[in-house]
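Below: one structure, written as structure tokens.
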Amino acid sequence: MYRTVTINYRPCKASTSYKCRCTECGKTMSRKAVVEHTVNPWNKNEDGSVRTEIEVYRAAQAEADAKAAELNGGEVVCKTCENKPIYDHLRMLLQANPEVISDPKRDAPEYTPIFWLLEWKYIQHHHEKDPSQEFGYRFVGYTLTKKAREWGRKNGILEMAA
Ligand SMILES: [Zn+2]
């Protein structure tokens with residue numbers, strides 16, 4: 001005879017901070033080594049007893065500490081440097097198509113770069129009421145979304161293009 005047994009894999013997450021340096025800009029930053037183990041019937045101590053939550057957490061913590069010690073002082077590429085090519089590309093697109101920032105223009109979507117911006121969900125569609133159209137609205141054009149504008153300002157993209 002079979003019976004169904006529900007087993008809960010209770011997660012125990014541990015993390016340890018370490019320092020690393022960006023190879024591009026030289027900035028030192030703090031990152032976290034995160035390790036997650038679970039409490040389950042197969043997670044056992046050396047004596048064969050099932051690990052308690054505290055024991056599982058300690059094991060995860062020891063692994064996180066070891067991982068952090070290994071990564072400490074290492075070299076990485078920071079988010080800003082990693083995103084720089086994307087930011088440069090976006091800045092270039094906006095300089096070439098400044099009308100998409102706030103002034104919708106019907107011909108904007110004809111430019112290839114707008115499709116790239118659309119792809120990244122930086123673009124908002126604008127419509128006007130027009131009863132002569134099939135759905136009662138006429139497409140006017142595109143502008144950057146509010147979120148994209150905030151993001152652009154924060155990352156120094158819009159001050160150059162606007
Ligand atoms: Zn960097």
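Here, A, B, ... name the chains of the structure tokens in the order displayed, residue numbers run from 1 inside each chain, and ligands are numbered from 1 in the same displayed order.
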
Name each residue within 6 Å of ligand 1, counting only C-alpha atoms and all ligand atoms, as a PDB file with C-alpha atoms, in the first residue's frame.
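The resulting selection-v2.pdb:
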ATOM      1  CA  CYS A  22      36.017  46.778 -10.142  1.00  0.00           C
ATOM      2  CA  GLU A  24      37.226  48.947 -14.988  1.00  0.00           C
ATOM      3  CA  CYS A  25      36.814  51.902 -12.600  1.00  0.00           C
ATOM      4  CA  LYS A  27      35.843  51.192  -7.193  1.00  0.00           C
ATOM      5  CA  VAL A  77      33.095  44.438 -13.079  1.00  0.00           C
ATOM      6  CA  CYS A  78      30.638  46.716 -11.235  1.00  0.00           C
ATOM      7  CA  THR A  80      27.762  50.800 -13.673  1.00  0.00           C
ATOM      8  CA  CYS A  81      30.701  49.630 -15.787  1.00  0.00           C
TER       9      CYS A  81
END

*Please provide as number ranges by chain all residues within 9 Å of Tyr87 (chain A), with the sequence filter that same-chain residues fewer than 2 positions apart are discarded (counting only C-alpha atoms).*
A: 83-85, 89-92, 152, 155-157

Export C-alpha atoms of the chosen residues as a JSON list (two decimals), in the first residue's frame?
[["chain", "number", "residue", "atom", "x", "y", "z"],
["A", 83, "ASN", "CA", 25.89, 48.76, -18.11],
["A", 84, "LYS", "CA", 28.08, 51.45, -19.67],
["A", 85, "PRO", "CA", 27.73, 50.14, -23.27],
["A", 89, "HIS", "CA", 23.87, 53.25, -26.76],
["A", 90, "LEU", "CA", 20.72, 54.75, -25.21],
["A", 91, "ARG", "CA", 22.35, 58.19, -24.96],
["A", 92, "MET", "CA", 23.28, 57.98, -28.64],
["A", 152, "GLY", "CA", 17.86, 58.38, -17.73],
["A", 155, "ASN", "CA", 22.25, 57.75, -14.96],
["A", 156, "GLY", "CA", 23.22, 60.97, -16.74],
["A", 157, "ILE", "CA", 21.69, 59.94, -20.05]]

*Option closest in space to Asn97 (chain A), from A:Thr23, A:Thr28, A:Leu144, A:Glu134 [counting only C-alpha atoms]*: A:Leu144

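The residues of region 38-137 of chain A that DSSP classifies as strand (DSSP E), using the backbone of this structure, are Thr38, Val39, Gly74, Glu75, Val76, Ile123, Gln124, His125, His126, His127, Glu128, Lys129 and Tyr137 of chain A.
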
_Set the distance at 12 Å and use only C-alpha atoms: which residues neighbour Val34 (chain A) once local chain neighbours fewer than 3 positions away are removed? I'd like the list as a PyMOL selection string._
chain A and resi 12-18+31+37+57+60-68+71

Can I get the selected residues back with N, CA and C atoms, as a compact mmCIF listing (two decimals), in the first residue's frame?
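selection_23.txt written:
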# COMPACT_ATOMS: atom_id res chain seq x y z
N CYS A 12 17.03 27.60 4.87
CA CYS A 12 17.85 28.33 5.82
C CYS A 12 18.90 29.06 5.01
N LYS A 13 18.77 30.36 4.97
CA LYS A 13 19.67 31.15 4.13
C LYS A 13 20.70 31.88 5.00
N ALA A 14 21.95 31.83 4.58
CA ALA A 14 23.02 32.54 5.30
C ALA A 14 23.80 33.38 4.31
N SER A 15 24.32 34.51 4.77
CA SER A 15 25.13 35.34 3.88
C SER A 15 26.28 35.98 4.63
N THR A 16 27.38 36.20 3.90
CA THR A 16 28.56 36.85 4.45
C THR A 16 29.06 37.88 3.45
N SER A 17 29.33 39.08 3.95
CA SER A 17 29.81 40.15 3.07
C SER A 17 31.29 40.00 2.79
N TYR A 18 31.68 40.44 1.63
CA TYR A 18 33.11 40.49 1.30
C TYR A 18 33.38 41.72 0.43
N ARG A 31 30.03 43.05 -1.49
CA ARG A 31 29.05 42.11 -2.05
C ARG A 31 28.77 41.01 -1.03
N HIS A 37 20.59 26.36 2.38
CA HIS A 37 20.38 24.93 2.57
C HIS A 37 18.94 24.74 3.04
N TYR A 57 21.34 25.85 9.49
CA TYR A 57 21.74 27.24 9.34
C TYR A 57 23.25 27.39 9.54
N ALA A 60 25.09 26.21 6.50
CA ALA A 60 24.97 27.20 5.42
C ALA A 60 25.88 28.39 5.70
N GLN A 61 25.93 28.81 6.97
CA GLN A 61 26.76 29.95 7.36
C GLN A 61 28.24 29.64 7.13
N ALA A 62 28.67 28.42 7.49
CA ALA A 62 30.07 28.02 7.30
C ALA A 62 30.43 28.05 5.82
N GLU A 63 29.49 27.61 4.98
CA GLU A 63 29.73 27.61 3.53
C GLU A 63 29.79 29.04 2.99
N ALA A 64 28.90 29.90 3.49
CA ALA A 64 28.90 31.31 3.06
C ALA A 64 30.20 32.00 3.48
N ASP A 65 30.66 31.71 4.71
CA ASP A 65 31.91 32.28 5.19
C ASP A 65 33.08 31.85 4.30
N ALA A 66 33.12 30.57 3.95
CA ALA A 66 34.20 30.04 3.11
C ALA A 66 34.18 30.67 1.72
N LYS A 67 32.98 30.82 1.18
CA LYS A 67 32.81 31.41 -0.14
C LYS A 67 33.27 32.88 -0.12
N ALA A 68 32.86 33.61 0.93
CA ALA A 68 33.24 35.02 1.07
C ALA A 68 34.74 35.16 1.22
N LEU A 71 36.30 34.80 -2.14
CA LEU A 71 36.03 35.90 -3.07
C LEU A 71 36.57 37.25 -2.58

_When DSSP is applied to the backbone of this structure, which of region 9-157 of chain A are assigned alpha helix (DSSP H)? Write them out as a PyMOL selection string._
chain A and resi 53-71+79-96+112-119+146-154

Residues as selected, C-alpha atoms, written as a PDB file, in the first residue's frame, can you do that?
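Below you can see out16.pdb, which holds the result:
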ATOM      1  CA  GLU A  53      17.130  24.103  11.780  1.00  0.00           C
ATOM      2  CA  ILE A  54      20.015  25.601  13.796  1.00  0.00           C
ATOM      3  CA  GLU A  55      22.413  22.936  12.510  1.00  0.00           C
ATOM      4  CA  VAL A  56      21.344  23.503   8.907  1.00  0.00           C
ATOM      5  CA  TYR A  57      21.743  27.244   9.342  1.00  0.00           C
ATOM      6  CA  ARG A  58      25.250  26.754  10.830  1.00  0.00           C
ATOM      7  CA  ALA A  59      26.278  24.587   7.874  1.00  0.00           C
ATOM      8  CA  ALA A  60      24.970  27.201   5.419  1.00  0.00           C
ATOM      9  CA  GLN A  61      26.763  29.946   7.363  1.00  0.00           C
ATOM     10  CA  ALA A  62      30.071  28.021   7.301  1.00  0.00           C
ATOM     11  CA  GLU A  63      29.734  27.606   3.535  1.00  0.00           C
ATOM     12  CA  ALA A  64      28.898  31.310   3.059  1.00  0.00           C
ATOM     13  CA  ASP A  65      31.913  32.282   5.194  1.00  0.00           C
ATOM     14  CA  ALA A  66      34.205  30.041   3.111  1.00  0.00           C
ATOM     15  CA  LYS A  67      32.806  31.414  -0.144  1.00  0.00           C
ATOM     16  CA  ALA A  68      33.237  35.020   1.069  1.00  0.00           C
ATOM     17  CA  ALA A  69      36.815  34.312   2.199  1.00  0.00           C
ATOM     18  CA  GLU A  70      37.594  32.929  -1.241  1.00  0.00           C
ATOM     19  CA  LEU A  71      36.030  35.900  -3.070  1.00  0.00           C
ATOM     20  CA  LYS A  79      27.020  47.271 -12.404  1.00  0.00           C
ATOM     21  CA  THR A  80      27.762  50.800 -13.673  1.00  0.00           C
ATOM     22  CA  CYS A  81      30.701  49.630 -15.787  1.00  0.00           C
ATOM     23  CA  GLU A  82      28.807  46.563 -16.945  1.00  0.00           C
ATOM     24  CA  ASN A  83      25.893  48.759 -18.109  1.00  0.00           C
ATOM     25  CA  LYS A  84      28.079  51.449 -19.673  1.00  0.00           C
ATOM     26  CA  PRO A  85      27.732  50.138 -23.266  1.00  0.00           C
ATOM     27  CA  ILE A  86      23.920  50.061 -22.856  1.00  0.00           C
ATOM     28  CA  TYR A  87      23.888  53.595 -21.390  1.00  0.00           C
ATOM     29  CA  ASP A  88      26.145  54.861 -24.188  1.00  0.00           C
ATOM     30  CA  HIS A  89      23.867  53.254 -26.757  1.00  0.00           C
ATOM     31  CA  LEU A  90      20.721  54.746 -25.214  1.00  0.00           C
ATOM     32  CA  ARG A  91      22.350  58.188 -24.957  1.00  0.00           C
ATOM     33  CA  MET A  92      23.275  57.982 -28.639  1.00  0.00           C
ATOM     34  CA  LEU A  93      19.746  56.933 -29.628  1.00  0.00           C
ATOM     35  CA  LEU A  94      18.179  59.773 -27.650  1.00  0.00           C
ATOM     36  CA  GLN A  95      20.556  62.331 -29.092  1.00  0.00           C
ATOM     37  CA  ALA A  96      19.627  61.145 -32.569  1.00  0.00           C
ATOM     38  CA  THR A 112      15.181  51.810 -36.243  1.00  0.00           C
ATOM     39  CA  PRO A 113      16.451  53.050 -32.830  1.00  0.00           C
ATOM     40  CA  ILE A 114      12.870  53.509 -31.618  1.00  0.00           C
ATOM     41  CA  PHE A 115      12.266  49.827 -32.031  1.00  0.00           C
ATOM     42  CA  TRP A 116      15.251  49.220 -29.799  1.00  0.00           C
ATOM     43  CA  LEU A 117      13.792  51.564 -27.188  1.00  0.00           C
ATOM     44  CA  LEU A 118      10.427  49.832 -27.524  1.00  0.00           C
ATOM     45  CA  GLU A 119      12.084  46.526 -26.950  1.00  0.00           C
ATOM     46  CA  LYS A 146       8.210  58.460 -16.953  1.00  0.00           C
ATOM     47  CA  LYS A 147      10.228  55.597 -15.509  1.00  0.00           C
ATOM     48  CA  ALA A 148      12.649  55.742 -18.430  1.00  0.00           C
ATOM     49  CA  ARG A 149      13.048  59.504 -17.974  1.00  0.00           C
ATOM     50  CA  GLU A 150      13.771  59.127 -14.260  1.00  0.00           C
ATOM     51  CA  TRP A 151      16.198  56.324 -14.992  1.00  0.00           C
ATOM     52  CA  GLY A 152      17.858  58.385 -17.728  1.00  0.00           C
ATOM     53  CA  ARG A 153      18.309  61.397 -15.466  1.00  0.00           C
ATOM     54  CA  LYS A 154      19.687  59.269 -12.646  1.00  0.00           C
TER      55      LYS A 154
END

*Got a sec: who's within 6 Å of Tyr9 (chain A), counting only C-alpha atoms, leaving out chain neighbours fewer than 6 positions off, as a list of chain:residue names?*
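Near Tyr9 (chain A), the qualifying residues are A:Thr38, A:Val39, A:Asn40.
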
*If you measure from CA of Asn8 (chain A) to CA of Ser49 (chain A), what distance in Å do you get, rounded to one decimal?*
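Pair CA of Asn8 (chain A) / CA of Ser49 (chain A) returns 17.2 Å.
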
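Coordinates place CA of Pro41 (chain A) at a distance of 18.8 Å from CA of Tyr2 (chain A).
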
*Mind checking which residues fall within 9 Å of Asp103 (chain A), counting only C-alpha atoms, ignoring those fewer than 6 positions away in the same chain, and posting them as a PyMOL selection string?*
chain A and resi 141-143

*Å distance separating CA of Val140 (chain A) from CA of Leu158 (chain A), one decimal place*: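 Here the two named atoms are 22.7 Å from each other.
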